[in-house]
Amino acid sequence: MRTAARFSEMGRSVSRDFFPHVRVEVISDLAGPAVRLGAALALPGHDLVFETAVAVGDGAFSVRGDLMLDGEEEILVLPSVQTGDPAACAATLERYADELTTPARWHVQRLLESCGADS
């Protein structure tokens with residue numbers, strides 16, 4: 001739940017700082033083959049999706065994370081980590097949330113500046 005809260009707070013903070021140009025939608029998919037947590041930011045002409053996922057199979061957890069631009073361009077892809085230890089899984093998830101959310105404001109600023117330069 002801490003990971004979900006961190007993405008939610010990042011999304012609200014960035015949306016508030018860049019209002020009205022950025023809208024946020026929290027990703028919280030707890031069903032299916034993998035639990036997905038993250039945030040999607042909608043900017044003029046662009047979408048940024050920050051996402052982590054945890055899957056369980058064969059007695060191990062698999063954690064991954066990525067940042068996608070417009071559903072096509074991989075800005076940041078964190079390596080898939082496999083572990084059988086729930087504490088290590090939680091630690092990896094927290095670290096991935098940090099790595100994805102820390103540069104969020106910078107990515108949004110860069111995209112908004114490029115939109116302004118294009119107009």
# chains A, B, ... in the order shown; residues from 1 in each chain; ligands from 1

$ residues_around --residues "Glu51 in chain A" --least-positions-apart "2" --cutoff "7 Å" --atoms "only C-alpha atoms" --output "MDAnalysis selection string"
chainID A and resid 36:39 49 53 65:67

$ write_last_selection --atoms "N, CA and C atoms" --output "compact mmCIF listing (two decimals), in the first residue's frame"
# COMPACT_ATOMS: atom_id res chain seq x y z
N ARG A 36 -0.52 -4.43 -10.48
CA ARG A 36 0.06 -3.24 -11.12
C ARG A 36 -0.24 -2.02 -10.27
N LEU A 37 0.79 -1.23 -10.00
CA LEU A 37 0.64 0.01 -9.25
C LEU A 37 1.41 1.10 -9.99
N GLY A 38 0.84 2.30 -10.03
CA GLY A 38 1.54 3.39 -10.68
C GLY A 38 0.65 4.60 -10.86
N ALA A 39 1.01 5.41 -11.84
CA ALA A 39 0.25 6.62 -12.14
C ALA A 39 0.42 6.95 -13.62
N VAL A 49 3.30 7.14 -18.38
CA VAL A 49 2.79 6.09 -17.49
C VAL A 49 3.95 5.53 -16.68
N ALA A 53 5.00 -3.61 -11.35
CA ALA A 53 4.16 -4.80 -11.36
C ALA A 53 4.85 -5.89 -10.56
N GLY A 65 9.45 -2.64 -13.36
CA GLY A 65 8.98 -1.26 -13.38
C GLY A 65 9.37 -0.59 -14.68
N ASP A 66 8.54 0.38 -15.11
CA ASP A 66 8.89 1.11 -16.32
C ASP A 66 8.17 2.45 -16.38
N LEU A 67 8.72 3.29 -17.23
CA LEU A 67 8.14 4.60 -17.54
C LEU A 67 7.99 4.66 -19.05

$ residues_around --residues "Leu48 in chain A" --least-positions-apart "3" --cutoff "6 Å" --atoms "only C-alpha atoms" --output "list in words"
Ala40, Leu41, Met68 and Leu69 of chain A

$ select_by_dssp --residues "chain A" --states "strand (DSSP E)" --output "PDB file with N, CA and C atoms, in the first residue's frame"
ATOM      1  N   ARG A  23      -3.093  16.119 -15.870  1.00  0.00           N
ATOM      2  CA  ARG A  23      -4.106  15.367 -15.114  1.00  0.00           C
ATOM      3  C   ARG A  23      -3.497  14.034 -14.723  1.00  0.00           C
ATOM      4  N   VAL A  24      -3.960  13.503 -13.600  1.00  0.00           N
ATOM      5  CA  VAL A  24      -3.408  12.239 -13.100  1.00  0.00           C
ATOM      6  C   VAL A  24      -4.503  11.194 -12.974  1.00  0.00           C
ATOM      7  N   GLU A  25      -4.124   9.960 -13.252  1.00  0.00           N
ATOM      8  CA  GLU A  25      -4.984   8.805 -13.006  1.00  0.00           C
ATOM      9  C   GLU A  25      -4.113   7.762 -12.312  1.00  0.00           C
ATOM     10  N   VAL A  26      -4.556   7.327 -11.153  1.00  0.00           N
ATOM     11  CA  VAL A  26      -3.793   6.337 -10.386  1.00  0.00           C
ATOM     12  C   VAL A  26      -4.042   4.956 -10.982  1.00  0.00           C
ATOM     13  N   ILE A  27      -2.972   4.180 -11.110  1.00  0.00           N
ATOM     14  CA  ILE A  27      -3.067   2.794 -11.578  1.00  0.00           C
ATOM     15  C   ILE A  27      -3.020   1.895 -10.352  1.00  0.00           C
ATOM     16  N   SER A  28      -4.068   1.157 -10.141  1.00  0.00           N
ATOM     17  CA  SER A  28      -4.150   0.249  -9.004  1.00  0.00           C
ATOM     18  C   SER A  28      -4.945  -0.975  -9.450  1.00  0.00           C
ATOM     19  N   ASP A  29      -4.270  -1.885 -10.127  1.00  0.00           N
ATOM     20  CA  ASP A  29      -4.892  -3.096 -10.649  1.00  0.00           C
ATOM     21  C   ASP A  29      -4.440  -4.261  -9.781  1.00  0.00           C
ATOM     22  N   ALA A  34      -0.712 -10.182 -12.550  1.00  0.00           N
ATOM     23  CA  ALA A  34       0.263  -9.338 -11.846  1.00  0.00           C
ATOM     24  C   ALA A  34      -0.459  -8.163 -11.202  1.00  0.00           C
ATOM     25  N   VAL A  35      -0.006  -7.785 -10.028  1.00  0.00           N
ATOM     26  CA  VAL A  35      -0.505  -6.584  -9.366  1.00  0.00           C
ATOM     27  C   VAL A  35       0.226  -5.405  -9.994  1.00  0.00           C
ATOM     28  N   ARG A  36      -0.524  -4.425 -10.480  1.00  0.00           N
ATOM     29  CA  ARG A  36       0.060  -3.244 -11.116  1.00  0.00           C
ATOM     30  C   ARG A  36      -0.244  -2.024 -10.273  1.00  0.00           C
ATOM     31  N   LEU A  37       0.787  -1.229 -10.004  1.00  0.00           N
ATOM     32  CA  LEU A  37       0.645   0.011  -9.254  1.00  0.00           C
ATOM     33  C   LEU A  37       1.412   1.097  -9.987  1.00  0.00           C
ATOM     34  N   GLY A  38       0.845   2.297 -10.027  1.00  0.00           N
ATOM     35  CA  GLY A  38       1.538   3.385 -10.684  1.00  0.00           C
ATOM     36  C   GLY A  38       0.648   4.599 -10.864  1.00  0.00           C
ATOM     37  N   ALA A  39       1.015   5.411 -11.839  1.00  0.00           N
ATOM     38  CA  ALA A  39       0.250   6.620 -12.143  1.00  0.00           C
ATOM     39  C   ALA A  39       0.424   6.945 -13.621  1.00  0.00           C
ATOM     40  N   ALA A  40      -0.659   7.439 -14.202  1.00  0.00           N
ATOM     41  CA  ALA A  40      -0.630   7.901 -15.586  1.00  0.00           C
ATOM     42  C   ALA A  40      -0.867   9.408 -15.574  1.00  0.00           C
ATOM     43  N   LEU A  41       0.024  10.147 -16.216  1.00  0.00           N
ATOM     44  CA  LEU A  41      -0.098  11.595 -16.304  1.00  0.00           C
ATOM     45  C   LEU A  41      -0.443  11.975 -17.734  1.00  0.00           C
ATOM     46  N   ALA A  42      -1.522  12.746 -17.896  1.00  0.00           N
ATOM     47  CA  ALA A  42      -1.934  13.230 -19.213  1.00  0.00           C
ATOM     48  C   ALA A  42      -1.514  14.686 -19.344  1.00  0.00           C
ATOM     49  N   LEU A  43      -0.716  14.970 -20.360  1.00  0.00           N
ATOM     50  CA  LEU A  43      -0.245  16.318 -20.671  1.00  0.00           C
ATOM     51  C   LEU A  43      -0.761  16.677 -22.053  1.00  0.00           C
ATOM     52  N   HIS A  46       0.630  14.382 -24.843  1.00  0.00           N
ATOM     53  CA  HIS A  46       1.468  13.272 -24.356  1.00  0.00           C
ATOM     54  C   HIS A  46       0.825  12.586 -23.158  1.00  0.00           C
ATOM     55  N   ASP A  47       1.222  11.330 -22.986  1.00  0.00           N
ATOM     56  CA  ASP A  47       0.863  10.560 -21.795  1.00  0.00           C
ATOM     57  C   ASP A  47       2.131   9.928 -21.240  1.00  0.00           C
ATOM     58  N   LEU A  48       2.325  10.059 -19.948  1.00  0.00           N
ATOM     59  CA  LEU A  48       3.426   9.405 -19.246  1.00  0.00           C
ATOM     60  C   LEU A  48       2.823   8.376 -18.298  1.00  0.00           C
ATOM     61  N   VAL A  49       3.298   7.137 -18.377  1.00  0.00           N
ATOM     62  CA  VAL A  49       2.795   6.092 -17.495  1.00  0.00           C
ATOM     63  C   VAL A  49       3.953   5.532 -16.684  1.00  0.00           C
ATOM     64  N   PHE A  50       3.853   5.699 -15.367  1.00  0.00           N
ATOM     65  CA  PHE A  50       4.817   5.197 -14.401  1.00  0.00           C
ATOM     66  C   PHE A  50       4.190   3.949 -13.798  1.00  0.00           C
ATOM     67  N   GLU A  51       4.844   2.787 -13.915  1.00  0.00           N
ATOM     68  CA  GLU A  51       4.181   1.568 -13.470  1.00  0.00           C
ATOM     69  C   GLU A  51       5.158   0.559 -12.897  1.00  0.00           C
ATOM     70  N   THR A  52       4.732  -0.071 -11.812  1.00  0.00           N
ATOM     71  CA  THR A  52       5.419  -1.227 -11.261  1.00  0.00           C
ATOM     72  C   THR A  52       4.450  -2.398 -11.324  1.00  0.00           C
ATOM     73  N   ALA A  53       4.999  -3.607 -11.349  1.00  0.00           N
ATOM     74  CA  ALA A  53       4.156  -4.804 -11.358  1.00  0.00           C
ATOM     75  C   ALA A  53       4.848  -5.895 -10.561  1.00  0.00           C
ATOM     76  N   VAL A  54       4.031  -6.657  -9.849  1.00  0.00           N
ATOM     77  CA  VAL A  54       4.531  -7.806  -9.097  1.00  0.00           C
ATOM     78  C   VAL A  54       3.696  -9.014  -9.512  1.00  0.00           C
ATOM     79  N   ALA A  55       4.373 -10.053  -9.962  1.00  0.00           N
ATOM     80  CA  ALA A  55       3.712 -11.309 -10.322  1.00  0.00           C
ATOM     81  C   ALA A  55       4.257 -12.404  -9.419  1.00  0.00           C
ATOM     82  N   VAL A  56       3.422 -13.404  -9.178  1.00  0.00           N
ATOM     83  CA  VAL A  56       3.839 -14.540  -8.356  1.00  0.00           C
ATOM     84  C   VAL A  56       3.733 -15.797  -9.208  1.00  0.00           C
ATOM     85  N   GLY A  57       4.769 -16.588  -9.172  1.00  0.00           N
ATOM     86  CA  GLY A  57       4.760 -17.849  -9.909  1.00  0.00           C
ATOM     87  C   GLY A  57       5.903 -18.734  -9.478  1.00  0.00           C
ATOM     88  N   ALA A  60       8.018 -17.790  -6.411  1.00  0.00           N
ATOM     89  CA  ALA A  60       8.857 -16.590  -6.417  1.00  0.00           C
ATOM     90  C   ALA A  60       8.044 -15.381  -6.872  1.00  0.00           C
ATOM     91  N   PHE A  61       8.489 -14.225  -6.432  1.00  0.00           N
ATOM     92  CA  PHE A  61       7.915 -12.953  -6.857  1.00  0.00           C
ATOM     93  C   PHE A  61       8.766 -12.412  -7.998  1.00  0.00           C
ATOM     94  N   SER A  62       8.130 -11.804  -8.976  1.00  0.00           N
ATOM     95  CA  SER A  62       8.826 -11.129 -10.054  1.00  0.00           C
ATOM     96  C   SER A  62       8.384  -9.671 -10.029  1.00  0.00           C
ATOM     97  N   VAL A  63       9.334  -8.761  -9.884  1.00  0.00           N
ATOM     98  CA  VAL A  63       9.042  -7.326  -9.796  1.00  0.00           C
ATOM     99  C   VAL A  63       9.651  -6.635 -11.009  1.00  0.00           C
ATOM    100  N   ARG A  64       8.866  -5.757 -11.620  1.00  0.00           N
ATOM    101  CA  ARG A  64       9.385  -4.964 -12.742  1.00  0.00           C
ATOM    102  C   ARG A  64       8.848  -3.540 -12.619  1.00  0.00           C
ATOM    103  N   GLY A  65       9.450  -2.636 -13.363  1.00  0.00           N
ATOM    104  CA  GLY A  65       8.983  -1.257 -13.376  1.00  0.00           C
ATOM    105  C   GLY A  65       9.373  -0.588 -14.676  1.00  0.00           C
ATOM    106  N   ASP A  66       8.538   0.376 -15.105  1.00  0.00           N
ATOM    107  CA  ASP A  66       8.890   1.109 -16.320  1.00  0.00           C
ATOM    108  C   ASP A  66       8.174   2.451 -16.376  1.00  0.00           C
ATOM    109  N   LEU A  67       8.716   3.290 -17.233  1.00  0.00           N
ATOM    110  CA  LEU A  67       8.142   4.600 -17.543  1.00  0.00           C
ATOM    111  C   LEU A  67       7.993   4.661 -19.053  1.00  0.00           C
ATOM    112  N   MET A  68       6.744   4.820 -19.503  1.00  0.00           N
ATOM    113  CA  MET A  68       6.442   4.833 -20.936  1.00  0.00           C
ATOM    114  C   MET A  68       5.899   6.196 -21.343  1.00  0.00           C
ATOM    115  N   LEU A  69       6.309   6.647 -22.509  1.00  0.00           N
ATOM    116  CA  LEU A  69       5.811   7.894 -23.098  1.00  0.00           C
ATOM    117  C   LEU A  69       4.901   7.529 -24.265  1.00  0.00           C
ATOM    118  N   GLU A  73       7.165   4.739 -26.384  1.00  0.00           N
ATOM    119  CA  GLU A  73       8.583   4.979 -26.112  1.00  0.00           C
ATOM    120  C   GLU A  73       8.918   4.627 -24.667  1.00  0.00           C
ATOM    121  N   GLU A  74       9.839   3.698 -24.505  1.00  0.00           N
ATOM    122  CA  GLU A  74      10.301   3.326 -23.169  1.00  0.00           C
ATOM    123  C   GLU A  74      11.342   4.338 -22.711  1.00  0.00           C
ATOM    124  N   ILE A  75      10.982   5.142 -21.735  1.00  0.00           N
ATOM    125  CA  ILE A  75      11.912   6.133 -21.200  1.00  0.00           C
ATOM    126  C   ILE A  75      12.832   5.481 -20.169  1.00  0.00           C
ATOM    127  N   LEU A  76      12.256   4.618 -19.348  1.00  0.00           N
ATOM    128  CA  LEU A  76      13.027   3.928 -18.313  1.00  0.00           C
ATOM    129  C   LEU A  76      12.432   2.545 -18.133  1.00  0.00           C
ATOM    130  N   VAL A  77      13.270   1.526 -18.256  1.00  0.00           N
ATOM    131  CA  VAL A  77      12.843   0.147 -18.012  1.00  0.00           C
ATOM    132  C   VAL A  77      13.759  -0.419 -16.942  1.00  0.00           C
ATOM    133  N   LEU A  78      13.166  -0.753 -15.811  1.00  0.00           N
ATOM    134  CA  LEU A  78      13.918  -1.327 -14.704  1.00  0.00           C
ATOM    135  C   LEU A  78      13.940  -2.842 -14.878  1.00  0.00           C
ATOM    136  N   PRO A  79      15.058  -3.470 -14.560  1.00  0.00           N
ATOM    137  CA  PRO A  79      15.165  -4.912 -14.807  1.00  0.00           C
ATOM    138  C   PRO A  79      14.198  -5.714 -13.940  1.00  0.00           C
ATOM    139  N   SER A  80      13.729  -6.812 -14.488  1.00  0.00           N
ATOM    140  CA  SER A  80      12.865  -7.714 -13.732  1.00  0.00           C
ATOM    141  C   SER A  80      13.711  -8.410 -12.665  1.00  0.00           C
ATOM    142  N   VAL A  81      13.206  -8.384 -11.438  1.00  0.00           N
ATOM    143  CA  VAL A  81      13.922  -9.004 -10.314  1.00  0.00           C
ATOM    144  C   VAL A  81      13.077 -10.156  -9.795  1.00  0.00           C
ATOM    145  N   GLN A  82      13.695 -11.305  -9.623  1.00  0.00           N
ATOM    146  CA  GLN A  82      13.021 -12.488  -9.099  1.00  0.00           C
ATOM    147  C   GLN A  82      13.521 -12.749  -7.677  1.00  0.00           C
ATOM    148  N   THR A  83      12.590 -13.014  -6.762  1.00  0.00           N
ATOM    149  CA  THR A  83      12.964 -13.349  -5.395  1.00  0.00           C
ATOM    150  C   THR A  83      11.868 -14.189  -4.757  1.00  0.00           C
TER     151      THR A  83
END

$ select_by_dssp --residues "chain A" --states "alpha helix (DSSP H)" --output "PyMOL selection string"
chain A and resi 2-17+86-101+104-118

$ closest_residue --among "A:Ala4, A:Met10, A:Val22, A:Leu100" --to "Pro44 in chain A" --atoms "only C-alpha atoms"
A:Val22

$ closest_residue --among "A:Arg105, A:Cys115, A:Pro33, A:Asp58" --to "Phe18 in chain A" --atoms "only C-alpha atoms"
A:Arg105

$ residues_around --residues "Arg6 in chain A" --least-positions-apart "6" --cutoff "9 Å" --atoms "only C-alpha atoms" --output "CSV table (one decimal) with C-alpha atoms, in the first residue's frame"
chain,number,residue,atom,x,y,z
A,38,GLY,CA,1.5,3.4,-10.7
A,97,ALA,CA,8.8,3.4,-6.9
A,98,ASP,CA,11.6,5.8,-5.9
A,101,THR,CA,8.7,8.9,-9.1

$ closest_residue --among "A:Glu94, A:Glu113, A:Glu99, A:Asp70" --to "Gly45 in chain A" --atoms "only C-alpha atoms"
A:Asp70

$ atom_distance --atom1 "CA of Gly84 in chain A" --atom2 "CA of Gly59 in chain A"
6.2 Å

$ atom_distance --atom1 "CA of Arg16 in chain A" --atom2 "CA of His107 in chain A"
15.2 Å

$ decode --residues "range 26-61 of chain A" --atoms "N, CA and C atoms" --output "mmCIF file, in the first residue's frame"
data_model
loop_
_atom_site.group_PDB
_atom_site.id
_atom_site.type_symbol
_atom_site.label_atom_id
_atom_site.label_comp_id
_atom_site.auth_asym_id
_atom_site.auth_seq_id
_atom_site.Cartn_x
_atom_site.Cartn_y
_atom_site.Cartn_z
ATOM 1 N N VAL A 26 -4.556 7.327 -11.153
ATOM 2 C CA VAL A 26 -3.793 6.337 -10.386
ATOM 3 C C VAL A 26 -4.042 4.956 -10.982
ATOM 4 N N ILE A 27 -2.972 4.180 -11.110
ATOM 5 C CA ILE A 27 -3.067 2.794 -11.578
ATOM 6 C C ILE A 27 -3.020 1.895 -10.352
ATOM 7 N N SER A 28 -4.068 1.157 -10.141
ATOM 8 C CA SER A 28 -4.150 0.249 -9.004
ATOM 9 C C SER A 28 -4.945 -0.975 -9.450
ATOM 10 N N ASP A 29 -4.270 -1.885 -10.127
ATOM 11 C CA ASP A 29 -4.892 -3.096 -10.649
ATOM 12 C C ASP A 29 -4.440 -4.261 -9.781
ATOM 13 N N LEU A 30 -5.332 -4.719 -8.920
ATOM 14 C CA LEU A 30 -4.980 -5.766 -7.964
ATOM 15 C C LEU A 30 -5.463 -7.140 -8.397
ATOM 16 N N ALA A 31 -6.002 -7.250 -9.597
ATOM 17 C CA ALA A 31 -6.483 -8.534 -10.108
ATOM 18 C C ALA A 31 -5.651 -8.931 -11.325
ATOM 19 N N GLY A 32 -5.733 -10.162 -11.689
ATOM 20 C CA GLY A 32 -5.020 -10.614 -12.872
ATOM 21 C C GLY A 32 -3.710 -11.283 -12.526
ATOM 22 N N PRO A 33 -2.908 -11.551 -13.535
ATOM 23 C CA PRO A 33 -1.669 -12.293 -13.317
ATOM 24 C C PRO A 33 -0.585 -11.503 -12.569
ATOM 25 N N ALA A 34 -0.712 -10.182 -12.550
ATOM 26 C CA ALA A 34 0.263 -9.338 -11.846
ATOM 27 C C ALA A 34 -0.459 -8.163 -11.202
ATOM 28 N N VAL A 35 -0.006 -7.785 -10.028
ATOM 29 C CA VAL A 35 -0.505 -6.584 -9.366
ATOM 30 C C VAL A 35 0.226 -5.405 -9.994
ATOM 31 N N ARG A 36 -0.524 -4.425 -10.480
ATOM 32 C CA ARG A 36 0.060 -3.244 -11.116
ATOM 33 C C ARG A 36 -0.244 -2.024 -10.273
ATOM 34 N N LEU A 37 0.787 -1.229 -10.004
ATOM 35 C CA LEU A 37 0.645 0.011 -9.254
ATOM 36 C C LEU A 37 1.412 1.097 -9.987
ATOM 37 N N GLY A 38 0.845 2.297 -10.027
ATOM 38 C CA GLY A 38 1.538 3.385 -10.684
ATOM 39 C C GLY A 38 0.648 4.599 -10.864
ATOM 40 N N ALA A 39 1.015 5.411 -11.839
ATOM 41 C CA ALA A 39 0.250 6.620 -12.143
ATOM 42 C C ALA A 39 0.424 6.945 -13.621
ATOM 43 N N ALA A 40 -0.659 7.439 -14.202
ATOM 44 C CA ALA A 40 -0.630 7.901 -15.586
ATOM 45 C C ALA A 40 -0.867 9.408 -15.574
ATOM 46 N N LEU A 41 0.024 10.147 -16.216
ATOM 47 C CA LEU A 41 -0.098 11.595 -16.304
ATOM 48 C C LEU A 41 -0.443 11.975 -17.734
ATOM 49 N N ALA A 42 -1.522 12.746 -17.896
ATOM 50 C CA ALA A 42 -1.934 13.230 -19.213
ATOM 51 C C ALA A 42 -1.514 14.686 -19.344
ATOM 52 N N LEU A 43 -0.716 14.970 -20.360
ATOM 53 C CA LEU A 43 -0.245 16.318 -20.671
ATOM 54 C C LEU A 43 -0.761 16.677 -22.053
ATOM 55 N N PRO A 44 -0.689 17.933 -22.428
ATOM 56 C CA PRO A 44 -1.105 18.290 -23.787
ATOM 57 C C PRO A 44 -0.271 17.514 -24.822
ATOM 58 N N GLY A 45 -0.912 16.606 -25.526
ATOM 59 C CA GLY A 45 -0.245 15.842 -26.579
ATOM 60 C C GLY A 45 0.566 14.651 -26.127
ATOM 61 N N HIS A 46 0.630 14.382 -24.843
ATOM 62 C CA HIS A 46 1.468 13.272 -24.356
ATOM 63 C C HIS A 46 0.825 12.586 -23.158
ATOM 64 N N ASP A 47 1.222 11.330 -22.986
ATOM 65 C CA ASP A 47 0.863 10.560 -21.795
ATOM 66 C C ASP A 47 2.131 9.928 -21.240
ATOM 67 N N LEU A 48 2.325 10.059 -19.948
ATOM 68 C CA LEU A 48 3.426 9.405 -19.246
ATOM 69 C C LEU A 48 2.823 8.376 -18.298
ATOM 70 N N VAL A 49 3.298 7.137 -18.377
ATOM 71 C CA VAL A 49 2.795 6.092 -17.495
ATOM 72 C C VAL A 49 3.953 5.532 -16.684
ATOM 73 N N PHE A 50 3.853 5.699 -15.367
ATOM 74 C CA PHE A 50 4.817 5.197 -14.401
ATOM 75 C C PHE A 50 4.190 3.949 -13.798
ATOM 76 N N GLU A 51 4.844 2.787 -13.915
ATOM 77 C CA GLU A 51 4.181 1.568 -13.470
ATOM 78 C C GLU A 51 5.158 0.559 -12.897
ATOM 79 N N THR A 52 4.732 -0.071 -11.812
ATOM 80 C CA THR A 52 5.419 -1.227 -11.261
ATOM 81 C C THR A 52 4.450 -2.398 -11.324
ATOM 82 N N ALA A 53 4.999 -3.607 -11.349
ATOM 83 C CA ALA A 53 4.156 -4.804 -11.358
ATOM 84 C C ALA A 53 4.848 -5.895 -10.561
ATOM 85 N N VAL A 54 4.031 -6.657 -9.849
ATOM 86 C CA VAL A 54 4.531 -7.806 -9.097
ATOM 87 C C VAL A 54 3.696 -9.014 -9.512
ATOM 88 N N ALA A 55 4.373 -10.053 -9.962
ATOM 89 C CA ALA A 55 3.712 -11.309 -10.322
ATOM 90 C C ALA A 55 4.257 -12.404 -9.419
ATOM 91 N N VAL A 56 3.422 -13.404 -9.178
ATOM 92 C CA VAL A 56 3.839 -14.540 -8.356
ATOM 93 C C VAL A 56 3.733 -15.797 -9.208
ATOM 94 N N GLY A 57 4.769 -16.588 -9.172
ATOM 95 C CA GLY A 57 4.760 -17.849 -9.909
ATOM 96 C C GLY A 57 5.903 -18.734 -9.478
ATOM 97 N N ASP A 58 5.649 -20.005 -9.423
ATOM 98 C CA ASP A 58 6.681 -20.984 -9.049
ATOM 99 C C ASP A 58 7.371 -20.636 -7.736
ATOM 100 N N GLY A 59 6.623 -20.152 -6.766
ATOM 101 C CA GLY A 59 7.172 -19.857 -5.446
ATOM 102 C C GLY A 59 8.049 -18.627 -5.380
ATOM 103 N N ALA A 60 8.018 -17.790 -6.411
ATOM 104 C CA ALA A 60 8.857 -16.590 -6.417
ATOM 105 C C ALA A 60 8.044 -15.381 -6.872
ATOM 106 N N PHE A 61 8.489 -14.225 -6.432
ATOM 107 C CA PHE A 61 7.915 -12.953 -6.857
ATOM 108 C C PHE A 61 8.766 -12.412 -7.998
#
